[in-house]
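Okay, structure first, notes after.
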Amino acid sequence: LSDLAQGRFGGRVELRSEGAFGALEADVDRASRALADAVQQISDAAEALADGRLDAPIDEPLQGQFETLRRDFNEAVASLSNLVRQAQD
């Protein structure tokens with residue numbers, strides 16, 4: 001859990017326990033992988049935007065509140081793309 005708390009996502013949790021603790025370990029493992037995936041997709045899209053690519057939305061749906069961030073990012077990129085297109089006309 002300390003890796004997650006320090007922003008290091010994607011590490012696997014060793015599933016050693018059974019019962020409630022086993023379920024908790026599995027949940028933490030799934031959360032870690034979901035966070036790592038979301039951060040990677042958002043990072044890739046932000047890097048594309050920084051490189052001037054206005055045609056690189058985040059296509060794959062994300063989990064939880066990251067889905068709101070994905071939609072907002074895509075809307076912002078679409079708005080920026082429209083502004084650039086209008087300025088070029």
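In the structure tokens, the first chain shown is A, the next is B, and so on; residue numbers restart at 1 for each chain, and ligands run from 1 in the order shown.
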Discussion item. If we count only C-alpha atoms and set the cut-off at 10 Å, which residues sit around Ala78 (chain A), ignoring sequence neighbours fewer than 5 positions away in its own chain? Please answer as number ranges by chain.
Written reply: A: 54-57, 72-73, 83-84
Worksheet item: Within 12 Å of Gly52 (chain A), counting only C-alpha atoms, which residues qualify if same-chain residues fewer than 4 places away don't, as a list of chain:residue names?
Response: A:Ala45, A:Ala46, A:Glu47, A:Ala48, A:Ala56, A:Val77, A:Leu80, A:Ser81, A:Val84
Item to complete: Run DSSP on the backbone and give me the residues of region 44-73 of chain A it puts in helix (DSSP H, G or I), as JSON, numbers by chain.
Response: {"A": [44, 45, 46, 47, 48, 49, 50, 65, 66, 67, 68, 69, 70, 71, 72, 73]}
Just all heavy atoms for this one: save the residues we selected as a compact mmCIF listing (two decimals), in the first residue's frame.
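Result file part.txt:
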# COMPACT_ATOMS: atom_id res chain seq x y z
N ASP A 44 -0.03 9.45 -21.89
CA ASP A 44 0.20 9.33 -23.34
C ASP A 44 -0.55 10.42 -24.10
O ASP A 44 0.00 11.03 -25.03
CB ASP A 44 -0.25 7.96 -23.84
CG ASP A 44 0.64 6.82 -23.36
OD1 ASP A 44 1.75 7.08 -22.84
OD2 ASP A 44 0.21 5.65 -23.49
N ALA A 45 -1.80 10.67 -23.71
CA ALA A 45 -2.60 11.69 -24.40
C ALA A 45 -2.03 13.09 -24.15
O ALA A 45 -1.98 13.91 -25.06
CB ALA A 45 -4.05 11.62 -23.94
N ALA A 46 -1.60 13.36 -22.93
CA ALA A 46 -1.02 14.67 -22.62
C ALA A 46 0.29 14.87 -23.38
O ALA A 46 0.58 15.97 -23.87
CB ALA A 46 -0.78 14.81 -21.11
N GLU A 47 1.07 13.81 -23.52
CA GLU A 47 2.32 13.90 -24.29
C GLU A 47 2.02 14.19 -25.76
O GLU A 47 2.70 15.01 -26.39
CB GLU A 47 3.09 12.59 -24.15
CG GLU A 47 4.46 12.63 -24.81
CD GLU A 47 5.24 11.35 -24.59
OE1 GLU A 47 5.03 10.68 -23.56
OE2 GLU A 47 6.07 11.02 -25.45
N ALA A 48 1.00 13.53 -26.31
CA ALA A 48 0.61 13.79 -27.70
C ALA A 48 0.18 15.24 -27.86
O ALA A 48 0.55 15.91 -28.84
CB ALA A 48 -0.50 12.84 -28.13
N LEU A 49 -0.59 15.75 -26.91
CA LEU A 49 -1.03 17.14 -26.96
C LEU A 49 0.18 18.09 -26.88
O LEU A 49 0.26 19.06 -27.63
CB LEU A 49 -2.01 17.42 -25.83
CG LEU A 49 -2.59 18.83 -25.75
CD1 LEU A 49 -3.36 19.18 -27.02
CD2 LEU A 49 -3.50 18.94 -24.53
N ALA A 50 1.11 17.79 -26.00
CA ALA A 50 2.31 18.62 -25.87
C ALA A 50 3.13 18.61 -27.16
O ALA A 50 3.81 19.60 -27.47
CB ALA A 50 3.17 18.13 -24.71
N GLN A 65 -13.77 7.89 -11.44
CA GLN A 65 -13.62 9.32 -11.71
C GLN A 65 -12.63 9.60 -12.83
O GLN A 65 -12.65 10.68 -13.42
CB GLN A 65 -13.21 10.05 -10.44
CG GLN A 65 -14.33 10.07 -9.42
CD GLN A 65 -13.91 10.74 -8.13
OE1 GLN A 65 -12.84 10.46 -7.60
NE2 GLN A 65 -14.75 11.64 -7.64
N PHE A 66 -11.79 8.63 -13.16
CA PHE A 66 -10.88 8.82 -14.29
C PHE A 66 -11.67 8.92 -15.60
O PHE A 66 -11.21 9.53 -16.55
CB PHE A 66 -9.86 7.69 -14.38
CG PHE A 66 -8.77 7.80 -13.36
CD1 PHE A 66 -8.69 6.92 -12.31
CD2 PHE A 66 -7.81 8.80 -13.47
CE1 PHE A 66 -7.68 7.03 -11.37
CE2 PHE A 66 -6.80 8.92 -12.53
CZ PHE A 66 -6.74 8.03 -11.48
N GLU A 67 -12.86 8.33 -15.65
CA GLU A 67 -13.69 8.45 -16.85
C GLU A 67 -14.15 9.89 -17.05
O GLU A 67 -14.16 10.40 -18.17
CB GLU A 67 -14.90 7.50 -16.77
CG GLU A 67 -15.84 7.60 -17.95
CD GLU A 67 -15.20 7.28 -19.30
OE1 GLU A 67 -14.10 6.70 -19.36
OE2 GLU A 67 -15.81 7.64 -20.32
N THR A 68 -14.47 10.58 -15.97
CA THR A 68 -14.82 12.00 -16.06
C THR A 68 -13.63 12.80 -16.55
O THR A 68 -13.77 13.66 -17.43
CB THR A 68 -15.28 12.53 -14.68
OG1 THR A 68 -16.40 11.75 -14.25
CG2 THR A 68 -15.65 13.99 -14.74
N LEU A 69 -12.46 12.51 -16.04
CA LEU A 69 -11.24 13.18 -16.49
C LEU A 69 -10.99 12.91 -17.97
O LEU A 69 -10.64 13.81 -18.73
CB LEU A 69 -10.04 12.72 -15.65
CG LEU A 69 -8.69 13.31 -16.01
CD1 LEU A 69 -8.70 14.83 -15.93
CD2 LEU A 69 -7.62 12.73 -15.10
N ARG A 70 -11.19 11.67 -18.41
CA ARG A 70 -11.00 11.31 -19.82
C ARG A 70 -11.95 12.11 -20.70
O ARG A 70 -11.54 12.71 -21.71
CB ARG A 70 -11.25 9.81 -20.03
CG ARG A 70 -11.08 9.35 -21.49
CD ARG A 70 -11.53 7.92 -21.67
NE ARG A 70 -12.97 7.81 -21.73
CZ ARG A 70 -13.70 7.95 -22.84
NH1 ARG A 70 -13.11 8.22 -24.00
NH2 ARG A 70 -15.00 7.83 -22.81
N ARG A 71 -13.22 12.18 -20.33
CA ARG A 71 -14.20 12.93 -21.14
C ARG A 71 -13.85 14.42 -21.17
O ARG A 71 -13.90 15.05 -22.23
CB ARG A 71 -15.61 12.71 -20.60
CG ARG A 71 -16.19 11.37 -20.96
CD ARG A 71 -17.69 11.30 -20.72
NE ARG A 71 -18.08 11.72 -19.38
CZ ARG A 71 -18.32 10.90 -18.37
NH1 ARG A 71 -18.23 9.61 -18.54
NH2 ARG A 71 -18.67 11.38 -17.19
N ASP A 72 -13.49 14.97 -20.02
CA ASP A 72 -13.12 16.39 -19.97
C ASP A 72 -11.89 16.67 -20.81
O ASP A 72 -11.82 17.68 -21.52
CB ASP A 72 -12.88 16.83 -18.52
CG ASP A 72 -14.16 16.88 -17.69
OD1 ASP A 72 -15.26 16.79 -18.27
OD2 ASP A 72 -14.03 16.97 -16.45
N PHE A 73 -10.89 15.79 -20.74
CA PHE A 73 -9.68 15.96 -21.54
C PHE A 73 -10.03 15.94 -23.02
O PHE A 73 -9.59 16.80 -23.79
CB PHE A 73 -8.67 14.85 -21.22
CG PHE A 73 -7.40 14.96 -22.02
CD1 PHE A 73 -6.34 15.72 -21.55
CD2 PHE A 73 -7.27 14.31 -23.24
CE1 PHE A 73 -5.17 15.83 -22.30
CE2 PHE A 73 -6.11 14.42 -23.99
CZ PHE A 73 -5.06 15.18 -23.51
Region 34-41 of chain A surroundings by only C-alpha atoms, 8 Å radius, close-in-sequence under 2 positions cut, as a compact mmCIF listing (two decimals) with N, CA, C and O atoms, in the first residue's frame:
# COMPACT_ATOMS: atom_id res chain seq x y z
N PHE A 9 2.06 3.34 -9.07
CA PHE A 9 0.96 2.44 -9.40
C PHE A 9 1.45 1.30 -10.26
O PHE A 9 2.46 1.39 -10.94
N GLY A 10 0.67 0.24 -10.29
CA GLY A 10 0.95 -0.85 -11.21
C GLY A 10 1.69 -2.01 -10.58
O GLY A 10 1.79 -3.07 -11.18
N ARG A 30 -6.37 -4.99 -7.99
CA ARG A 30 -7.18 -4.47 -9.11
C ARG A 30 -7.13 -2.95 -9.16
O ARG A 30 -7.02 -2.35 -10.22
N ALA A 31 -7.21 -2.32 -7.99
CA ALA A 31 -7.16 -0.85 -7.94
C ALA A 31 -5.82 -0.34 -8.45
O ALA A 31 -5.75 0.63 -9.19
N SER A 32 -4.75 -1.00 -8.06
CA SER A 32 -3.42 -0.59 -8.49
C SER A 32 -3.28 -0.68 -10.01
O SER A 32 -2.77 0.22 -10.66
N SER A 43 -1.32 10.11 -19.45
CA SER A 43 0.05 10.59 -19.74
C SER A 43 0.34 10.54 -21.23
O SER A 43 0.89 11.50 -21.80
N ASP A 44 -0.03 9.45 -21.89
CA ASP A 44 0.20 9.33 -23.34
C ASP A 44 -0.55 10.42 -24.10
O ASP A 44 0.00 11.03 -25.03
N ALA A 45 -1.80 10.67 -23.71
CA ALA A 45 -2.60 11.69 -24.40
C ALA A 45 -2.03 13.09 -24.15
O ALA A 45 -1.98 13.91 -25.06
N ILE A 58 -8.24 10.21 -25.74
CA ILE A 58 -8.17 8.98 -24.94
C ILE A 58 -9.42 8.18 -25.31
O ILE A 58 -10.53 8.55 -24.93
N LEU A 62 -12.23 4.66 -18.99
CA LEU A 62 -11.45 4.47 -17.77
C LEU A 62 -12.40 4.19 -16.60
O LEU A 62 -13.61 4.36 -16.71
N GLN A 63 -11.83 3.78 -15.49
CA GLN A 63 -12.60 3.42 -14.30
C GLN A 63 -12.93 4.64 -13.45
O GLN A 63 -12.12 5.54 -13.30
N PHE A 66 -11.79 8.63 -13.16
CA PHE A 66 -10.88 8.82 -14.29
C PHE A 66 -11.67 8.92 -15.60
O PHE A 66 -11.21 9.53 -16.55
